[in-house]
Amino acid sequence: MIDTVIIFGAGETPPHSILDGLPRAELVVAANGGYDVATRLGVSVDVIVGDLDSIATVPESITVEEHPEDKDATDLELALEHAVKLQPRRIVVVGGTGGRHDHELALATLLTASKWSAVEEIDWISARGRAHVIRGHRIIQGQRGSLLSLIPMHGPASGVVTTGLAWNLNGDYLDPGTTRGVSNRFDSNQAGISVDGGVVLVVLPLEEV
């Protein structure tokens, strides 16, 4: 059991400023082309997971978990499965945007899937901003006046309670297909978000981070 795993996904490279906010990780995993994203950011990778179709040369110092090109999961899902076997408290996914639109949409649903529910914290940092998976209760850091949206995933979210926002929820129900949780704002430098049932993805757009 370890504390933190960072997984780099393929796509556009986030700004170098994101490195200031990355936690110390016991393991850094690259999902196939995510190796190039990590390299451009100057981050050393411990393990590469995927079909290796996007990587010309793999250094001998890096462990490789190779999968066939014809498979039933994306490289990033396979990287998540690799990480979860180590029972981490937290997983931070970096990248995954700016490439294929279907991959980006699938990643949002993947990160909020119930099969990762044993992971206490799952975060997503990309060139478009950052997002946090909420099951139970979490404190999210931000800046007073900046935007954030609460998006229910995989079904309704019940008993949603927030503090520190301009428009707080008090045990409310968020149903998928509505936009009630979109474009709220921080009323302080942090917000508390609790969910009794279901899962919520809290999204902070890049220009507001």
# chains A, B, ... in the order shown; residues from 1 in each chain; ligands from 1
>>> residues_around(residues="stretch 20-35 of chain A", least_positions_apart="5", cutoff="10 Å", atoms="only C-alpha atoms", output="ChimeraX atom specification")
/A:2-13,40-41,43-55,58,62-67,74-80,82-83,86,88,90-96,125
>>> select_by_dssp(residues="stretch 10-209 of chain A", states="helix (DSSP H, G or I)", output="VMD selection string")
chain A and resid 16 to 21 34 to 40 75 to 84 101 to 111 114 to 116 206 to 208
>>> closest_residue(among="A:Ala157, A:Leu105, A:Ile134, A:Leu174", to="A:Ser117", atoms="only C-alpha atoms")
A:Ile134
>>> atom_distance(atom1="atom CA of A:Arg130", atom2="atom CA of A:Leu206")
6.9 Å
>>> closest_residue(among="A:Leu148, A:Ile139, A:Gly155, A:Thr163", to="A:Arg185", atoms="only C-alpha atoms")
A:Leu148
>>> atom_distance(atom1="atom CA of A:Pro152", atom2="atom CA of A:Asp175")
6.6 Å
>>> residues_around(residues="A:Gln190", least_positions_apart="6", cutoff="9 Å", atoms="only C-alpha atoms", output="ChimeraX atom specification")
/A:139-144,163-165
>>> residues_around(residues="A:Gly197", least_positions_apart="2", cutoff="9 Å", atoms="only C-alpha atoms", output="PyMOL selection string")
chain A and resi 135-136+156-160+195+199
>>> write_last_selection(atoms="C-alpha atoms", output="CSV table (one decimal), in the first residue's frame")
chain,number,residue,atom,x,y,z
A,135,ARG,CA,-17.3,10.3,-3.1
A,136,GLY,CA,-18.0,11.1,0.6
A,156,PRO,CA,-27.8,10.8,-9.7
A,157,ALA,CA,-25.9,12.2,-6.8
A,158,SER,CA,-27.8,12.6,-3.5
A,159,GLY,CA,-27.3,14.4,-0.3
A,160,VAL,CA,-24.9,16.9,-1.9
A,195,VAL,CA,-21.9,13.4,-1.3
A,199,VAL,CA,-20.3,10.4,-7.4
>>> closest_residue(among="A:Met1, A:Thr109, A:Ser126, A:Ile151", to="A:Leu19", atoms="only C-alpha atoms")
A:Ser126
>>> closest_residue(among="A:His132, A:His101, A:Arg180, A:Arg138", to="A:Thr162", atoms="only C-alpha atoms")
A:Arg138
